[in-house]
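Structure file protein04.pdb with PDB, C-alpha atoms, pLDDT in the B column:
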ATOM      1  CA  MET A   1     110.291-100.186 -80.233  1.00 92.00           C
ATOM      2  CA  ARG A   2     110.309-101.613 -76.727  1.00 96.00           C
ATOM      3  CA  LYS A   3     112.538 -99.975 -74.126  1.00 98.00           C
ATOM      4  CA  LEU A   4     115.039-101.656 -71.841  1.00 98.00           C
ATOM      5  CA  VAL A   5     114.245-100.237 -68.397  1.00 98.00           C
ATOM      6  CA  TYR A   6     116.617-100.585 -65.463  1.00 98.00           C
ATOM      7  CA  PHE A   7     114.101-100.650 -62.602  1.00 98.00           C
ATOM      8  CA  ILE A   8     116.313-100.930 -59.563  1.00 97.00           C
ATOM      9  CA  ALA A   9     116.520-100.089 -55.867  1.00 97.00           C
ATOM     10  CA  SER A  10     119.542 -98.063 -54.807  1.00 98.00           C
ATOM     11  CA  THR A  11     120.914 -96.521 -51.644  1.00 98.00           C
ATOM     12  CA  LEU A  12     121.692 -92.811 -51.535  1.00 98.00           C
ATOM     13  CA  ASP A  13     125.344 -93.640 -52.120  1.00 97.00           C
ATOM     14  CA  GLY A  14     124.614 -95.643 -55.259  1.00 97.00           C
ATOM     15  CA  PHE A  15     124.677 -99.282 -54.150  1.00 97.00           C
ATOM     16  CA  ILE A  16     122.122-101.927 -55.115  1.00 97.00           C
ATOM     17  CA  ALA A  17     123.336-104.534 -52.631  1.00 96.00           C
ATOM     18  CA  GLY A  18     125.876-105.023 -49.913  1.00 95.00           C
ATOM     19  CA  PRO A  19     129.354-106.410 -50.606  1.00 95.00           C
ATOM     20  CA  ASP A  20     128.098-110.014 -50.544  1.00 92.00           C
ATOM     21  CA  GLY A  21     125.405-109.364 -53.160  1.00 92.00           C
ATOM     22  CA  SER A  22     122.542-110.690 -51.031  1.00 90.00           C
ATOM     23  CA  ASP A  23     119.023-109.278 -51.240  1.00 91.00           C
ATOM     24  CA  PRO A  24     118.992-106.042 -49.189  1.00 93.00           C
ATOM     25  CA  THR A  25     115.271-106.483 -48.488  1.00 90.00           C
ATOM     26  CA  GLY A  26     115.505-110.179 -47.606  1.00 84.00           C
ATOM     27  CA  PRO A  27     115.969-111.820 -44.210  1.00 83.00           C
ATOM     28  CA  GLY A  28     118.858-110.145 -42.469  1.00 86.00           C
ATOM     29  CA  GLY A  29     118.985-107.431 -45.131  1.00 92.00           C
ATOM     30  CA  PHE A  30     119.794-103.810 -44.393  1.00 95.00           C
ATOM     31  CA  TRP A  31     116.596-102.321 -45.854  1.00 94.00           C
ATOM     32  CA  ALA A  32     113.102-103.131 -44.634  1.00 93.00           C
ATOM     33  CA  PRO A  33     110.766-101.516 -47.193  1.00 94.00           C
ATOM     34  CA  SER A  34     108.193 -99.176 -45.691  1.00 96.00           C
ATOM     35  CA  ALA A  35     104.447 -99.724 -46.058  1.00 97.00           C
ATOM     36  CA  ASP A  36     104.055 -96.794 -48.460  1.00 98.00           C
ATOM     37  CA  TYR A  37     106.913 -98.138 -50.616  1.00 98.00           C
ATOM     38  CA  VAL A  38     105.240-101.549 -50.915  1.00 97.00           C
ATOM     39  CA  GLN A  39     101.869 -99.923 -51.617  1.00 98.00           C
ATOM     40  CA  HIS A  40     103.389 -97.813 -54.379  1.00 98.00           C
ATOM     41  CA  LEU A  41     104.749-100.953 -56.012  1.00 97.00           C
ATOM     42  CA  ILE A  42     101.333-102.601 -55.765  1.00 97.00           C
ATOM     43  CA  ASP A  43      99.602 -99.576 -57.278  1.00 96.00           C
ATOM     44  CA  GLU A  44     102.086 -98.633 -59.990  1.00 97.00           C
ATOM     45  CA  TYR A  45     104.411-101.583 -60.674  1.00 97.00           C
ATOM     46  CA  PRO A  46     102.547-104.773 -59.633  1.00 97.00           C
ATOM     47  CA  GLU A  47     104.437-106.954 -62.094  1.00 97.00           C
ATOM     48  CA  THR A  48     107.742-106.200 -60.356  1.00 97.00           C
ATOM     49  CA  LEU A  49     106.684-107.929 -57.154  1.00 96.00           C
ATOM     50  CA  PRO A  50     108.004-111.499 -57.000  1.00 95.00           C
ATOM     51  CA  GLY A  51     105.490-114.324 -57.080  1.00 95.00           C
ATOM     52  CA  PRO A  52     105.565-115.143 -53.345  1.00 94.00           C
ATOM     53  CA  ALA A  53     105.001-111.480 -52.470  1.00 94.00           C
ATOM     54  CA  ARG A  54     102.156-111.194 -54.988  1.00 96.00           C
ATOM     55  CA  ALA A  55     100.498-114.228 -53.436  1.00 96.00           C
ATOM     56  CA  ALA A  56     100.959-112.942 -49.877  1.00 96.00           C
ATOM     57  CA  LEU A  57      99.608-109.507 -50.771  1.00 96.00           C
ATOM     58  CA  GLY A  58      96.777-110.787 -52.962  1.00 96.00           C
ATOM     59  CA  VAL A  59      98.131-109.023 -56.050  1.00 96.00           C
ATOM     60  CA  THR A  60      96.744-110.371 -59.315  1.00 94.00           C
ATOM     61  CA  ALA A  61      97.096-107.312 -61.563  1.00 90.00           C
ATOM     62  CA  GLU A  62      98.754-107.852 -64.925  1.00 85.00           C
ATOM     63  CA  GLY A  63     101.893-106.021 -65.872  1.00 84.00           C
ATOM     64  CA  VAL A  64     101.444-102.282 -66.335  1.00 89.00           C
ATOM     65  CA  HIS A  65     104.893-101.535 -67.726  1.00 97.00           C
ATOM     66  CA  PHE A  66     106.674-104.837 -68.409  1.00 98.00           C
ATOM     67  CA  ASP A  67     105.944-108.278 -69.836  1.00 97.00           C
ATOM     68  CA  THR A  68     109.572-109.452 -69.901  1.00 98.00           C
ATOM     69  CA  VAL A  69     112.280-109.534 -67.234  1.00 98.00           C
ATOM     70  CA  VAL A  70     116.009-110.117 -67.755  1.00 98.00           C
ATOM     71  CA  GLU A  71     118.620-110.734 -65.092  1.00 97.00           C
ATOM     72  CA  GLY A  72     122.095-112.064 -64.549  1.00 97.00           C
ATOM     73  CA  ARG A  73     123.021-115.375 -62.971  1.00 96.00           C
ATOM     74  CA  LYS A  74     124.145-113.930 -59.637  1.00 93.00           C
ATOM     75  CA  SER A  75     120.903-111.995 -59.240  1.00 94.00           C
ATOM     76  CA  TYR A  76     118.875-115.061 -60.174  1.00 96.00           C
ATOM     77  CA  GLU A  77     120.752-117.257 -57.727  1.00 94.00           C
ATOM     78  CA  VAL A  78     119.732-115.022 -54.814  1.00 92.00           C
ATOM     79  CA  GLY A  79     116.159-116.237 -55.278  1.00 91.00           C
ATOM     80  CA  LEU A  80     117.284-119.738 -56.141  1.00 92.00           C
ATOM     81  CA  ALA A  81     119.099-119.998 -52.808  1.00 88.00           C
ATOM     82  CA  ALA A  82     115.798-119.150 -51.095  1.00 89.00           C
ATOM     83  CA  GLY A  83     114.062-121.972 -52.959  1.00 92.00           C
ATOM     84  CA  VAL A  84     112.379-119.759 -55.564  1.00 95.00           C
ATOM     85  CA  THR A  85     113.126-121.126 -59.042  1.00 97.00           C
ATOM     86  CA  ASP A  86     111.099-118.472 -60.874  1.00 97.00           C
ATOM     87  CA  ALA A  87     110.265-115.316 -58.944  1.00 96.00           C
ATOM     88  CA  TYR A  88     108.533-113.807 -61.979  1.00 97.00           C
ATOM     89  CA  ALA A  89     106.496-116.646 -63.465  1.00 96.00           C
ATOM     90  CA  HIS A  90     103.931-114.046 -64.568  1.00 95.00           C
ATOM     91  CA  LEU A  91     106.523-112.545 -66.972  1.00 97.00           C
ATOM     92  CA  GLU A  92     108.716-113.886 -69.745  1.00 97.00           C
ATOM     93  CA  HIS A  93     111.886-114.521 -67.746  1.00 98.00           C
ATOM     94  CA  LEU A  94     115.393-114.657 -69.219  1.00 98.00           C
ATOM     95  CA  VAL A  95     118.541-115.354 -67.212  1.00 98.00           C
ATOM     96  CA  PHE A  96     121.922-114.595 -68.768  1.00 97.00           C
ATOM     97  CA  SER A  97     124.535-117.148 -67.811  1.00 96.00           C
ATOM     98  CA  ARG A  98     127.418-118.998 -69.409  1.00 94.00           C
ATOM     99  CA  THR A  99     127.790-121.394 -66.475  1.00 94.00           C
ATOM    100  CA  LEU A 100     124.233-122.624 -65.909  1.00 94.00           C
ATOM    101  CA  THR A 101     123.700-125.426 -68.417  1.00 90.00           C
ATOM    102  CA  GLU A 102     120.212-126.570 -67.427  1.00 94.00           C
ATOM    103  CA  SER A 103     117.278-124.381 -66.465  1.00 95.00           C
ATOM    104  CA  PRO A 104     116.097-125.000 -62.878  1.00 95.00           C
ATOM    105  CA  ASP A 105     112.537-124.116 -63.926  1.00 96.00           C
ATOM    106  CA  PRO A 106     110.568-124.567 -67.174  1.00 96.00           C
ATOM    107  CA  GLY A 107     109.628-120.890 -67.035  1.00 96.00           C
ATOM    108  CA  ILE A 108     113.259-119.753 -67.101  1.00 98.00           C
ATOM    109  CA  GLU A 109     114.998-119.251 -70.436  1.00 97.00           C
ATOM    110  CA  LEU A 110     118.765-119.460 -70.101  1.00 97.00           C
ATOM    111  CA  VAL A 111     120.718-117.241 -72.500  1.00 97.00           C
ATOM    112  CA  ALA A 112     124.440-117.819 -72.996  1.00 95.00           C
ATOM    113  CA  ASP A 113     124.721-115.432 -75.951  1.00 93.00           C
ATOM    114  CA  ASP A 114     125.944-111.841 -75.916  1.00 96.00           C
ATOM    115  CA  PRO A 115     123.404-109.935 -73.767  1.00 97.00           C
ATOM    116  CA  VAL A 116     123.577-106.849 -76.006  1.00 97.00           C
ATOM    117  CA  ALA A 117     122.602-108.816 -79.112  1.00 97.00           C
ATOM    118  CA  ALA A 118     119.901-110.691 -77.207  1.00 97.00           C
ATOM    119  CA  VAL A 119     118.359-107.497 -75.806  1.00 98.00           C
ATOM    120  CA  ARG A 120     118.413-105.809 -79.199  1.00 97.00           C
ATOM    121  CA  GLU A 121     116.440-108.735 -80.564  1.00 97.00           C
ATOM    122  CA  LEU A 122     113.967-108.510 -77.685  1.00 97.00           C
ATOM    123  CA  LYS A 123     113.488-104.809 -78.361  1.00 97.00           C
ATOM    124  CA  ARG A 124     112.409-105.575 -81.919  1.00 96.00           C
ATOM    125  CA  ASP A 125     109.638-107.874 -80.691  1.00 94.00           C
ATOM    126  CA  GLY A 126     106.192-106.545 -79.915  1.00 90.00           C
ATOM    127  CA  GLY A 127     104.922-106.121 -76.392  1.00 95.00           C
ATOM    128  CA  LYS A 128     105.515-104.048 -73.298  1.00 97.00           C
ATOM    129  CA  ASP A 129     108.908-102.844 -72.126  1.00 98.00           C
ATOM    130  CA  ILE A 130     111.715-105.079 -70.868  1.00 98.00           C
ATOM    131  CA  TRP A 131     112.637-104.930 -67.199  1.00 98.00           C
ATOM    132  CA  LEU A 132     116.308-105.220 -66.340  1.00 98.00           C
ATOM    133  CA  VAL A 133     116.145-106.383 -62.728  1.00 97.00           C
ATOM    134  CA  GLY A 134     119.913-106.726 -62.204  1.00 92.00           C
ATOM    135  CA  GLY A 135     122.432-107.403 -61.139  1.00 93.00           C
ATOM    136  CA  GLY A 136     125.081-104.786 -61.483  1.00 96.00           C
ATOM    137  CA  GLU A 137     127.345-106.851 -63.725  1.00 96.00           C
ATOM    138  CA  LEU A 138     124.604-107.404 -66.321  1.00 97.00           C
ATOM    139  CA  ALA A 139     123.555-103.746 -66.047  1.00 98.00           C
ATOM    140  CA  GLY A 140     127.147-102.754 -66.777  1.00 97.00           C
ATOM    141  CA  ALA A 141     127.237-105.028 -69.838  1.00 97.00           C
ATOM    142  CA  LEU A 142     123.935-103.542 -71.058  1.00 97.00           C
ATOM    143  CA  TYR A 143     124.795 -99.948 -70.130  1.00 97.00           C
ATOM    144  CA  GLY A 144     124.559 -98.700 -73.716  1.00 96.00           C
ATOM    145  CA  GLU A 145     121.212-100.438 -74.280  1.00 97.00           C
ATOM    146  CA  ILE A 146     119.362 -98.995 -71.283  1.00 98.00           C
ATOM    147  CA  ASP A 147     116.741 -96.531 -72.490  1.00 98.00           C
ATOM    148  CA  ARG A 148     115.155 -95.662 -69.155  1.00 98.00           C
ATOM    149  CA  MET A 149     116.135 -95.885 -65.508  1.00 98.00           C
ATOM    150  CA  ILE A 150     113.620 -96.030 -62.681  1.00 98.00           C
ATOM    151  CA  VAL A 151     115.635 -95.695 -59.500  1.00 98.00           C
ATOM    152  CA  LYS A 152     113.862 -96.653 -56.295  1.00 98.00           C
ATOM    153  CA  LEU A 153     116.009 -94.516 -54.026  1.00 98.00           C
ATOM    154  CA  SER A 154     116.098 -95.652 -50.410  1.00 97.00           C
ATOM    155  CA  PRO A 155     116.908 -93.157 -47.641  1.00 97.00           C
ATOM    156  CA  LEU A 156     119.965 -95.150 -46.600  1.00 97.00           C
ATOM    157  CA  THR A 157     123.722 -95.124 -47.034  1.00 98.00           C
ATOM    158  CA  ILE A 158     125.853 -98.238 -46.600  1.00 97.00           C
ATOM    159  CA  GLY A 159     129.366 -97.053 -47.417  1.00 98.00           C
ATOM    160  CA  THR A 160     130.276 -99.850 -49.827  1.00 97.00           C
ATOM    161  CA  GLY A 161     128.671-102.617 -51.837  1.00 97.00           C
ATOM    162  CA  ILE A 162     127.712-103.424 -55.402  1.00 96.00           C
ATOM    163  CA  PRO A 163     127.289-100.258 -57.516  1.00 97.00           C
ATOM    164  CA  LEU A 164     124.417 -99.634 -59.918  1.00 97.00           C
ATOM    165  CA  PHE A 165     126.473-100.855 -62.871  1.00 97.00           C
ATOM    166  CA  GLY A 166     128.716-103.336 -61.112  1.00 96.00           C
ATOM    167  CA  ARG A 167     132.360-103.099 -60.216  1.00 93.00           C
ATOM    168  CA  ASN A 168     133.753-103.476 -63.752  1.00 92.00           C
ATOM    169  CA  ALA A 169     131.678-101.013 -65.762  1.00 92.00           C
ATOM    170  CA  ALA A 170     133.513 -98.911 -68.333  1.00 92.00           C
ATOM    171  CA  PHE A 171     133.848 -95.149 -67.919  1.00 95.00           C
ATOM    172  CA  ALA A 172     131.176 -93.769 -70.271  1.00 95.00           C
ATOM    173  CA  PRO A 173     129.407 -90.559 -69.175  1.00 95.00           C
ATOM    174  CA  ASN A 174     125.842 -90.154 -70.417  1.00 95.00           C
ATOM    175  CA  ALA A 175     123.175 -87.558 -69.622  1.00 97.00           C
ATOM    176  CA  TRP A 176     119.720 -88.562 -68.395  1.00 98.00           C
ATOM    177  CA  ARG A 177     116.530 -86.473 -68.321  1.00 98.00           C
ATOM    178  CA  LEU A 178     114.189 -86.664 -65.322  1.00 98.00           C
ATOM    179  CA  ILE A 179     110.685 -87.347 -66.673  1.00 98.00           C
ATOM    180  CA  ASP A 180     108.832 -88.337 -63.498  1.00 98.00           C
ATOM    181  CA  HIS A 181     109.303 -88.527 -59.753  1.00 98.00           C
ATOM    182  CA  THR A 182     107.379 -89.628 -56.678  1.00 98.00           C
ATOM    183  CA  VAL A 183     108.618 -88.951 -53.164  1.00 98.00           C
ATOM    184  CA  LEU A 184     107.009 -90.998 -50.399  1.00 98.00           C
ATOM    185  CA  GLU A 185     106.435 -89.919 -46.807  1.00 98.00           C
ATOM    186  CA  SER A 186     108.889 -92.574 -45.651  1.00 97.00           C
ATOM    187  CA  GLY A 187     111.662 -90.797 -47.560  1.00 97.00           C
ATOM    188  CA  ALA A 188     111.972 -93.269 -50.441  1.00 97.00           C
ATOM    189  CA  ALA A 189     111.743 -91.796 -53.924  1.00 98.00           C
ATOM    190  CA  PHE A 190     110.940 -93.215 -57.355  1.00 98.00           C
ATOM    191  CA  LEU A 191     112.952 -91.318 -59.970  1.00 98.00           C
ATOM    192  CA  THR A 192     112.376 -91.966 -63.679  1.00 98.00           C
ATOM    193  CA  TYR A 193     115.035 -90.903 -66.187  1.00 98.00           C
ATOM    194  CA  ASP A 194     115.224 -91.277 -69.966  1.00 98.00           C
ATOM    195  CA  ARG A 195     118.566 -91.442 -71.708  1.00 97.00           C
ATOM    196  CA  VAL A 196     119.475 -88.260 -73.575  1.00 96.00           C
ATOM    197  CA  LEU A 197     120.483 -89.513 -76.988  1.00 84.00           C
ATOM    198  CA  GLY A 198     123.521 -88.088 -78.688  1.00 71.00           C
ATOM    199  CA  THR A 199     125.393 -87.080 -75.530  1.00 59.00           C
ATOM    200  CA  PRO A 200     129.126 -87.703 -75.794  1.00 49.00           C
ATOM    201  CA  GLN A 201     130.509 -90.843 -74.234  1.00 47.00           C
ATOM    202  CA  SER A 202     134.047 -91.313 -73.025  1.00 43.00           C
ATOM    203  CA  SER A 203     136.216 -94.303 -72.398  1.00 42.00           C
ATOM    204  CA  SER A 204     138.762 -94.850 -69.670  1.00 41.00           C
ATOM    205  CA  THR A 205     141.152 -95.965 -72.417  1.00 37.00           C
TER     206      THR A 205
END
Show me, as structure tokens, the structure contained in the file I just sent.
Amino acid sequence: MRKLVYFIASTLDGFIAGPDGSDPTGPGGFWAPSADYVQHLIDEYPETLPGPARAALGVTAEGVHFDTVVEGRKSYEVGLAAGVTDAYAHLEHLVFSRTLTESPDPGIELVADDPVAAVRELKRDGGKDIWLVGGGELAGALYGEIDRMIVKLSPLTIGTGIPLFGRNAAFAPNAWRLIDHTVLESGAAFLTYDRVLGTPQSSST
């Protein structure tokens, strides 16, 4: 069965974006990715580079890990505001939203249904794994469905912002097993964790 993989950049203090939710690597962002970080993406995760970056870097490699990407409306609208209607036209691209009523791009499939049910259906399909790109709110809703986390850890702290699983995630401890890691000279690290099945979960209620 396909895995849902949360492949996400995070600061050392656990934030995926600043308080306003804008792209931390975009214009005016707080993180300028180092050359070795970009090269590692090209070499190991070429399908996770957005279309404009792939074109600029001359990347044509097919997906190594993923053939499908899912994201929430707020995450999608970051690219939309920059004039990019489909940053991942080389992948099957689903956007979860109950407010968008018409897809801005023929390559974008809008999903208004329960994300958990939709992802479970995707997992039953054949193909490569499913990339959960964000944002935090969708990651929080899909917390129990995430099978693997690949955290691109940046050597930065920002004090506050949007956490890995959003601001409204339920309290539900779960253990994760480190299965791979790469530490770059620039200080960024790629940490791959698989969920440890059967670990007790708790609820804040």
Would you list the residues near (121.5, -106.1, -59.2) (no more than 9 Å away, in the coordinates of the file, using all atoms listed in the file) as a VMD selection string?
chain A and resid 8 to 9 16 to 17 21 23 71 to 72 74 to 75 132 to 139 162 to 166
Set the distance at 9 Å and use only C-alpha atoms: which residues neighbour A:Leu110 once local chain neighbours fewer than 2 positions away are removed? I'd like the list as a count of residues only.
12
Between A:Phe171, A:Tyr37, A:Trp176, A:Trp131, which is the closest to A:Gly63 once you count all atoms listed in the file?
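Using all atoms listed in the file, A:Gly63 sits closest to A:Trp131.
Nearest residue to A:Gly187, choosing from A:Pro173, A:Gly144, A:Pro106, A:Pro155 and counting only C-alpha atoms: A:Pro155.
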Can you tell me, as a ChimeraX atom specification, what residues are no more than 12 Å from stretch 47-50 of chain A when counting all atoms listed in the file, ignoring any on the same chain fewer than 4 positions away?
/A:5-9,37-43,54-70,76,79,84-93,128-133,150
